[in-house]
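Coordinates from input00.cif are shown below (mmCIF, C-alpha atoms).
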data_entry
loop_
_atom_site.label_atom_id
_atom_site.label_comp_id
_atom_site.auth_asym_id
_atom_site.auth_seq_id
_atom_site.Cartn_x
_atom_site.Cartn_y
_atom_site.Cartn_z
CA MET P 150 73.02 109.16 130.60
CA ARG P 151 71.18 109.92 127.42
CA THR P 152 73.50 111.59 124.92
CA ARG P 153 71.60 114.33 123.13
CA ARG P 154 72.66 114.51 119.48
CA VAL P 155 71.98 118.00 118.18
CA VAL P 156 73.17 120.59 115.64
CA PRO P 157 74.35 124.16 116.24
CA LEU P 158 72.05 127.09 116.84
CA ALA P 159 73.80 130.46 116.32
CA LEU P 160 77.26 130.36 117.89
CA SER P 161 80.45 131.88 116.59
CA ALA P 162 83.11 129.76 114.93
CA ALA P 163 85.42 130.57 117.79
CA LEU P 164 83.03 129.13 120.38
CA LEU P 165 82.37 126.00 118.33
CA ALA P 166 86.09 125.40 118.10
CA GLY P 167 86.41 125.88 121.85
CA CYS P 168 88.71 128.82 121.20
CA GLY P 169 89.06 132.20 122.85
CA GLU P 170 90.57 133.85 125.85
CA ASP P 171 88.91 131.50 128.35
CA SER P 172 89.43 128.21 126.51
CA ASP P 173 92.13 125.57 126.45
CA PRO P 174 90.89 122.11 125.46
CA GLU P 175 94.11 120.35 126.43
CA PRO P 176 93.86 118.95 129.99
CA ASP P 177 96.83 119.23 132.33
CA ALA P 178 97.74 117.89 135.77
CA ALA P 179 96.59 121.06 137.53
CA THR P 180 93.05 120.93 136.17
CA ASN P 181 92.45 117.19 135.75
CA ALA P 182 92.21 115.70 139.26
CA LEU P 183 88.98 113.96 138.22
CA PRO P 184 88.47 110.29 137.27
CA THR P 185 88.96 109.27 133.66
CA GLY P 186 88.46 106.02 131.76
CA ALA P 187 88.18 102.95 133.98
CA GLU P 188 90.09 104.56 136.85
CA GLN P 189 88.85 103.32 140.23
CA VAL P 190 87.60 105.82 142.80
CA ASP P 191 87.07 105.36 146.52
CA LEU P 192 84.04 107.45 147.43
CA ASP P 193 83.05 108.18 151.02
CA GLN P 194 79.28 107.90 151.02
CA ALA P 195 79.09 110.21 154.04
CA ASP P 196 80.66 112.96 151.91
CA PHE P 197 77.71 113.05 149.50
CA ARG P 198 74.23 114.56 149.49
CA PRO P 199 71.28 113.84 147.16
CA THR P 200 70.87 117.47 146.07
CA SER P 201 73.10 120.00 144.34
CA ASP P 202 73.64 123.71 144.88
CA HIS P 203 76.14 123.87 142.01
CA PRO P 204 75.21 126.97 139.99
CA TYR P 205 75.75 125.14 136.69
CA PHE P 206 74.03 121.91 137.72
CA PRO P 207 71.39 122.71 140.37
CA LEU P 208 69.25 119.85 141.65
CA GLN P 209 66.46 120.63 144.09
CA ALA P 210 63.26 118.61 144.45
CA GLY P 211 60.49 119.95 142.24
CA GLN P 212 62.69 121.68 139.67
CA ARG P 213 61.62 121.04 136.09
CA TRP P 214 63.19 121.96 132.75
CA THR P 215 61.48 121.59 129.37
CA TYR P 216 63.49 121.31 126.16
CA ARG P 217 62.67 121.18 122.47
CA GLU P 218 64.82 118.85 120.39
CA VAL P 219 64.76 118.91 116.61
CA GLU P 220 66.45 115.84 115.15
CA LYS P 221 68.42 115.74 111.91
CA ASP P 222 65.48 114.30 109.96
CA GLY P 223 63.24 117.13 111.15
CA THR P 224 61.47 115.15 113.87
CA THR P 225 60.68 117.29 116.91
CA VAL P 226 60.52 115.81 120.40
CA ARG P 227 59.78 117.28 123.81
CA VAL P 228 62.15 116.56 126.68
CA VAL P 229 60.98 117.09 130.28
CA VAL P 230 63.50 116.79 133.11
CA THR P 231 62.13 116.74 136.67
CA VAL P 232 63.98 116.44 139.98
CA SER P 233 62.07 114.04 142.20
CA SER P 234 61.62 114.47 145.94
CA GLU P 235 62.49 110.77 146.22
CA THR P 236 66.09 109.56 146.48
CA LYS P 237 67.89 106.30 145.79
CA ARG P 238 70.78 104.65 147.60
CA VAL P 239 72.81 103.19 144.75
CA ALA P 240 74.82 100.00 145.08
CA ASN P 241 78.06 101.82 145.96
CA GLY P 242 76.35 103.26 149.05
CA VAL P 243 75.82 106.86 147.93
CA GLU P 244 72.35 108.33 148.34
CA ALA P 245 71.43 110.06 145.10
CA ALA P 246 68.83 112.43 143.74
CA ILE P 247 66.43 110.85 141.25
CA VAL P 248 65.99 112.92 138.09
CA ARG P 249 63.31 111.89 135.58
CA ASP P 250 64.13 112.52 131.89
CA THR P 251 61.13 111.87 129.63
CA VAL P 252 61.15 112.22 125.84
CA THR P 253 57.87 112.35 123.94
CA GLU P 254 56.99 112.62 120.25
CA ASP P 255 53.48 113.86 119.50
CA GLY P 256 52.61 113.15 123.13
CA VAL P 257 53.82 109.53 123.03
CA VAL P 258 56.72 108.46 125.24
CA VAL P 259 59.72 107.28 123.21
CA GLU P 260 62.32 107.27 126.00
CA ASP P 261 62.04 107.49 129.77
CA THR P 262 64.93 107.50 132.23
CA LEU P 263 65.64 107.76 135.93
CA ASP P 264 69.10 109.31 136.38
CA TRP P 265 70.90 109.32 139.73
CA PHE P 266 73.10 112.24 140.82
CA ALA P 267 74.81 113.38 144.02
CA GLN P 268 77.12 116.21 145.04
CA ASP P 269 80.31 115.64 147.03
CA GLY P 270 81.70 117.83 149.78
CA ASP P 271 83.99 119.65 147.35
CA GLY P 272 81.06 120.62 145.14
CA ASN P 273 81.55 118.19 142.25
CA VAL P 274 78.31 116.71 140.86
CA TRP P 275 78.56 112.96 140.25
CA TYR P 276 76.57 110.68 137.98
CA LEU P 277 75.85 107.32 139.60
CA GLY P 278 73.74 105.47 137.06
CA GLU P 279 70.45 105.29 135.25
CA ASP P 280 67.43 103.11 134.67
CA THR P 281 66.41 103.82 131.10
CA ALA P 282 63.71 102.49 128.81
CA GLU P 283 63.08 103.04 125.10
CA PHE P 284 59.68 102.54 123.51
CA GLU P 285 58.45 101.82 119.98
CA ASP P 286 54.76 102.10 119.13
CA GLY P 287 54.03 102.31 122.83
CA GLU P 288 55.85 99.07 123.65
CA LEU P 289 59.08 98.70 125.62
CA SER P 290 61.90 97.97 123.18
CA SER P 291 65.15 98.32 125.12
CA HIS P 292 66.87 99.01 128.44
CA GLU P 293 70.19 99.58 126.70
CA GLY P 294 72.56 101.91 128.57
CA SER P 295 71.16 101.21 132.04
CA PHE P 296 73.78 100.83 134.77
CA GLU P 297 74.32 101.35 138.49
CA ALA P 298 77.60 102.32 140.11
CA GLY P 299 78.82 99.37 142.14
CA VAL P 300 77.03 96.72 140.07
CA ASP P 301 78.95 94.50 137.65
CA GLY P 302 82.00 96.76 137.67
CA ALA P 303 80.10 99.94 136.77
CA LEU P 304 81.81 103.14 137.94
CA PRO P 305 80.43 106.60 138.75
CA GLY P 306 81.61 109.70 136.93
CA VAL P 307 81.46 113.49 137.12
CA VAL P 308 78.93 115.58 135.18
CA MET P 309 80.04 118.98 136.46
CA PRO P 310 83.31 119.81 138.27
CA ALA P 311 83.05 122.00 141.36
CA ASP P 312 84.96 124.85 139.71
CA PRO P 313 84.89 124.24 135.95
CA GLU P 314 88.00 125.47 134.17
CA PRO P 315 89.08 125.07 130.54
CA GLY P 316 91.22 121.95 130.18
CA MET P 317 89.41 119.79 132.71
CA ALA P 318 88.63 116.30 131.38
CA TYR P 319 86.69 113.56 133.19
CA ARG P 320 84.59 110.47 132.69
CA GLN P 321 80.88 110.88 133.11
CA GLU P 322 80.11 107.18 133.38
CA TYR P 323 81.82 103.84 132.87
CA TYR P 324 80.16 100.49 132.40
CA GLU P 325 82.33 98.53 130.00
CA GLY P 326 80.67 97.95 126.66
CA GLU P 327 77.43 99.65 127.74
CA ALA P 328 78.08 103.21 128.98
CA GLU P 329 81.44 104.91 128.42
CA ASP P 330 80.80 108.67 128.20
CA ASN P 331 83.35 111.42 128.80
CA GLY P 332 83.29 115.18 129.28
CA ALA P 333 85.69 118.11 129.07
CA VAL P 334 85.43 121.82 129.82
CA LEU P 335 86.25 123.86 126.72
CA ALA P 336 85.48 127.41 127.78
CA VAL P 337 83.81 129.63 130.36
CA GLY P 338 82.19 133.05 130.07
CA GLN P 339 80.15 132.05 126.99
CA GLN P 340 76.63 133.08 125.85
CA ALA P 341 73.57 131.30 124.49
CA GLU P 342 70.26 132.44 123.02
CA VAL P 343 67.35 129.96 123.33
CA PRO P 344 63.54 130.22 123.58
CA ALA P 345 63.83 130.52 127.37
CA GLY P 346 65.97 133.65 126.99
CA HIS P 347 69.50 134.97 126.70
CA PHE P 348 72.08 133.51 129.08
CA GLY P 349 75.59 134.74 129.79
CA ASP P 350 78.58 133.48 131.77
CA ALA P 351 77.89 129.97 130.46
CA VAL P 352 80.23 126.98 130.67
CA LEU P 353 80.90 125.17 127.40
CA THR P 354 81.63 121.44 127.61
CA ALA P 355 82.37 118.72 125.06
CA ASP P 356 80.84 115.26 125.46
CA THR P 357 82.26 112.20 123.74
CA VAL P 358 81.21 108.56 123.73
CA GLY P 359 83.88 105.88 124.00
CA LEU P 360 81.65 103.35 122.27
CA LYS P 361 80.89 105.77 119.39
CA PRO P 362 84.11 107.62 118.51
CA ASP P 363 82.41 109.76 115.83
CA VAL P 364 80.02 111.39 118.34
CA LEU P 365 80.89 114.86 119.61
CA GLU P 366 78.42 117.10 121.40
CA TYR P 367 78.83 120.57 122.86
CA LYS P 368 76.70 121.71 125.80
CA LEU P 369 76.21 125.14 127.35
CA TYR P 370 75.34 125.45 131.04
CA ALA P 371 74.11 128.76 132.47
CA PRO P 372 74.44 129.82 136.12
CA ASP P 373 71.43 129.07 138.35
CA VAL P 374 69.78 127.26 135.43
CA GLY P 375 71.90 124.34 134.22
CA LEU P 376 71.81 123.01 130.67
CA VAL P 377 70.39 125.56 128.22
CA LEU P 378 71.66 124.36 124.85
CA ALA P 379 73.12 121.14 123.40
CA LEU P 380 74.84 121.10 120.02
CA GLY P 381 75.62 118.02 117.96
CA ILE P 382 78.94 118.61 116.23
CA SER P 383 79.41 115.16 114.69
CA GLY P 384 77.74 111.77 114.76
CA GLY P 385 74.32 112.94 113.63
CA GLY P 386 71.53 114.66 115.47
CA GLY P 387 69.36 117.77 115.70
CA ARG P 388 69.20 120.68 118.18
CA GLU P 389 68.07 120.86 121.79
CA GLU P 390 67.28 124.10 123.54
CA LEU P 391 65.69 125.16 126.81
CA VAL P 392 62.08 126.27 126.42
CA GLY P 393 61.23 126.94 130.05
CA MET P 394 61.72 126.25 133.75
CA GLU P 395 59.22 125.81 136.57
CA SER P 396 58.60 124.23 139.95
CA VAL P 397 56.15 121.34 140.20
CA ASP P 398 53.91 120.42 143.12
CA ALA P 399 54.88 117.91 145.80
CA ALA P 400 52.81 115.07 144.35
CA THR P 401 54.38 115.44 140.91
CA ALA P 402 57.87 115.70 142.38
CA ARG P 403 57.35 112.44 144.25
CA ALA P 404 55.77 110.68 141.26
CA ALA P 405 58.74 111.62 139.06
CA GLY P 406 60.80 109.15 141.05
CA THR P 407 58.21 106.46 141.64
CA ALA P 408 55.93 106.16 138.58
CA PRO P 409 56.87 103.25 136.31
CA LEU P 410 58.92 104.20 133.28
CA GLY P 411 56.77 105.03 130.28
CA THR P 412 53.77 106.17 132.32
CA PRO P 413 52.52 109.73 132.88
CA TYR P 414 53.46 111.26 136.24
CA GLY P 415 52.19 114.86 136.05
#

Is it possible to express this structure as C-alpha cells?
Amino acid sequence: MRTRRVVPLALSAALLAGCGEDSDPEPDAATNALPTGAEQVDLDQADFRPTSDHPYFPLQAGQRWTYREVEKDGTTVRVVVTVSSETKRVANGVEAAIVRDTVTEDGVVVEDTLDWFAQDGDGNVWYLGEDTAEFEDGELSSHEGSFEAGVDGALPGVVMPADPEPGMAYRQEYYEGEAEDNGAVLAVGQQAEVPAGHFGDAVLTADTVGLKPDVLEYKLYAPDVGLVLALGISGGGGREELVGMESVDAATARAAGTAPLGTPYG
C-alpha cells in the first residue's frame, strides 16, 4: 500500500499529538484484538465480501476520489483512486475488491497500483495485497512493494477496524523485507478542512513503516467518505487532501481493474 508522505494542513497541536478527550495512543488488550507484526491469521474466505459498507472506508464499484498531493520539494501530483467493478481472488482464497490508485505529474503517470481489499463479517476492512508499478520518463522502473497475501509468506492486514477506538493497533500488511506497514487509531471525533469541504466526526490514525522507522504519517477519515487528509509528520513528504468525489460509468469502473498499469483507463 502506497504510503503517502505529507505535511500538516491546519490542525491543532492537540490533534497532531493524538491528544484530547477521545484519544489514547497506547493499545491495550481490550482494543487490540487485531493482527500485529508477523502474527499468523486464519481467515475464513466465506466470511469476506469484495465490497465495504464501512462508513470510514467505503468501497463500492464506481466510486472515485481525487486528491492533490504537494511534496516537500513543491512538486504537485494528482492522485485518482477508483473502485473497480472487477474483483480478484487472492492467493489466500479471499475474493477482494480491486482499487486503482494512479499518481500523475503534469499528466504523466509516475505510479500506478492495483490494491486489493475485502470486508469481513465483523466489519473490519482488510488489505490483501497490491500490484504496483513506478515509472520514470514514461518507462517502468520498479515493482517494489508488490505482494499478495498467501504468496511467499505474505500476510494480510487491517486498514480500518470495524469500530475504531483510540488505542487500537494493527498491521496493515506484512511481507518480510518488502511491505511491513502498521496502523493505530489515535482519536475519534476530529475535524478536517480540505478543498472538498469541511468534515467532522473524523477518525485520526497513525501509519508507520517497519522498514523505515523514521516515517510517521497521520490520516483523517470522514464518515461516508473515507480518507480526506494525510499528514506527513516525519520522514519527509508534502500534503495530500481530498479535492472531490464522484461516481464513474460502468466501462470506466471495469477498466480500472483490467487496464494495464501505466495506461489510461478513463

So how far away is CA of Val358 in chain P from CA of Asp330 in chain P, in Å?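 Spanning CA of Asp330 in chain P to CA of Val358 in chain P is a straight-line distance of 4.5 Å.
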
Exercise. Exactly which residues make up the result of the PyMOL selection byres ((chain P and resi 215-224) around 9) on this file, given as a ChimeraX atom specification?
Worked result: /P:153-156,213-214,225-231,254,377-378,385-395

Those selected residues, please, written with C-alpha atoms and delivered as a PDB file, in the coordinates of the input.
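After the write, part_22.pdb holds the following:
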ATOM      1  CA  ARG P 153      71.600 114.330 123.130  1.00  0.00           C
ATOM      2  CA  ARG P 154      72.660 114.510 119.480  1.00  0.00           C
ATOM      3  CA  VAL P 155      71.980 118.000 118.180  1.00  0.00           C
ATOM      4  CA  VAL P 156      73.170 120.590 115.640  1.00  0.00           C
ATOM      5  CA  ARG P 213      61.620 121.040 136.090  1.00  0.00           C
ATOM      6  CA  TRP P 214      63.190 121.960 132.750  1.00  0.00           C
ATOM      7  CA  THR P 225      60.680 117.290 116.910  1.00  0.00           C
ATOM      8  CA  VAL P 226      60.520 115.810 120.400  1.00  0.00           C
ATOM      9  CA  ARG P 227      59.780 117.280 123.810  1.00  0.00           C
ATOM     10  CA  VAL P 228      62.150 116.560 126.680  1.00  0.00           C
ATOM     11  CA  VAL P 229      60.980 117.090 130.280  1.00  0.00           C
ATOM     12  CA  VAL P 230      63.500 116.790 133.110  1.00  0.00           C
ATOM     13  CA  THR P 231      62.130 116.740 136.670  1.00  0.00           C
ATOM     14  CA  GLU P 254      56.990 112.620 120.250  1.00  0.00           C
ATOM     15  CA  VAL P 377      70.390 125.560 128.220  1.00  0.00           C
ATOM     16  CA  LEU P 378      71.660 124.360 124.850  1.00  0.00           C
ATOM     17  CA  GLY P 385      74.320 112.940 113.630  1.00  0.00           C
ATOM     18  CA  GLY P 386      71.530 114.660 115.470  1.00  0.00           C
ATOM     19  CA  GLY P 387      69.360 117.770 115.700  1.00  0.00           C
ATOM     20  CA  ARG P 388      69.200 120.680 118.180  1.00  0.00           C
ATOM     21  CA  GLU P 389      68.070 120.860 121.790  1.00  0.00           C
ATOM     22  CA  GLU P 390      67.280 124.100 123.540  1.00  0.00           C
ATOM     23  CA  LEU P 391      65.690 125.160 126.810  1.00  0.00           C
ATOM     24  CA  VAL P 392      62.080 126.270 126.420  1.00  0.00           C
ATOM     25  CA  GLY P 393      61.230 126.940 130.050  1.00  0.00           C
ATOM     26  CA  MET P 394      61.720 126.250 133.750  1.00  0.00           C
ATOM     27  CA  GLU P 395      59.220 125.810 136.570  1.00  0.00           C
TER      28      GLU P 395
END

Quick one: pull the distance between CA of Val334 in chain P and CA of Asp250 in chain P, Å, one decimal.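 Taking CA of Val334 in chain P as the start and CA of Asp250 in chain P as the end point, the length is 23.3 Å.
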
Matched chain/residue IDs from the PyMOL selection byres ((chain P and resi 371) around 9), as a ChimeraX atom specification: /P:204-206,339-341,348-352,369-370,372-377

Just to confirm, what's the straight-line distance from CA of Gly306 in chain P to CA of Asp202 in chain P in Å (one decimal)?
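A separation of 18.0 Å between them.
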
Checklist line | Residue among P:Glu293, P:Glu260, P:Asp363, P:Glu188 lying closest to Tyr319 in chain P, counting all atoms listed in the file | finding: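 Closest to Tyr319 in chain P of all the choices is P:Glu188.
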
For this session: Tell me, as number ranges by chain, which residues lie within 7 Å of Ala405 in chain P, counting all atoms listed in the file; anything in the same chain fewer than 4 positions away does not count.
Result: P: 231, 233, 249, 401, 414

Expected file: the selected residues, C-alpha atoms, as a CSV table (one decimal), keeping the file's coordinate frame:
chain,number,residue,atom,x,y,z
P,231,THR,CA,62.1,116.7,136.7
P,233,SER,CA,62.1,114.0,142.2
P,249,ARG,CA,63.3,111.9,135.6
P,401,THR,CA,54.4,115.4,140.9
P,414,TYR,CA,53.5,111.3,136.2

- Query: Leaving out Ala408 in chain P and any residue of its chain fewer than 4 positions from it, which residues lie within 12 Å of it when counting all atoms listed in the file, given as a VMD selection string?
  - Reply: chain P and resid 233 235 247 249 251 261 to 263 400 to 404 412 to 415

Item to complete: Select, from P:Thr407, P:Thr354, P:Gln268, P:Ser291, the residue with the minimum atom-to-atom distance to Arg198 in chain P, counting only C-alpha atoms.
Response: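 Nearest candidate to Arg198 in chain P out of P:Thr407, P:Thr354, P:Gln268, P:Ser291: P:Gln268.
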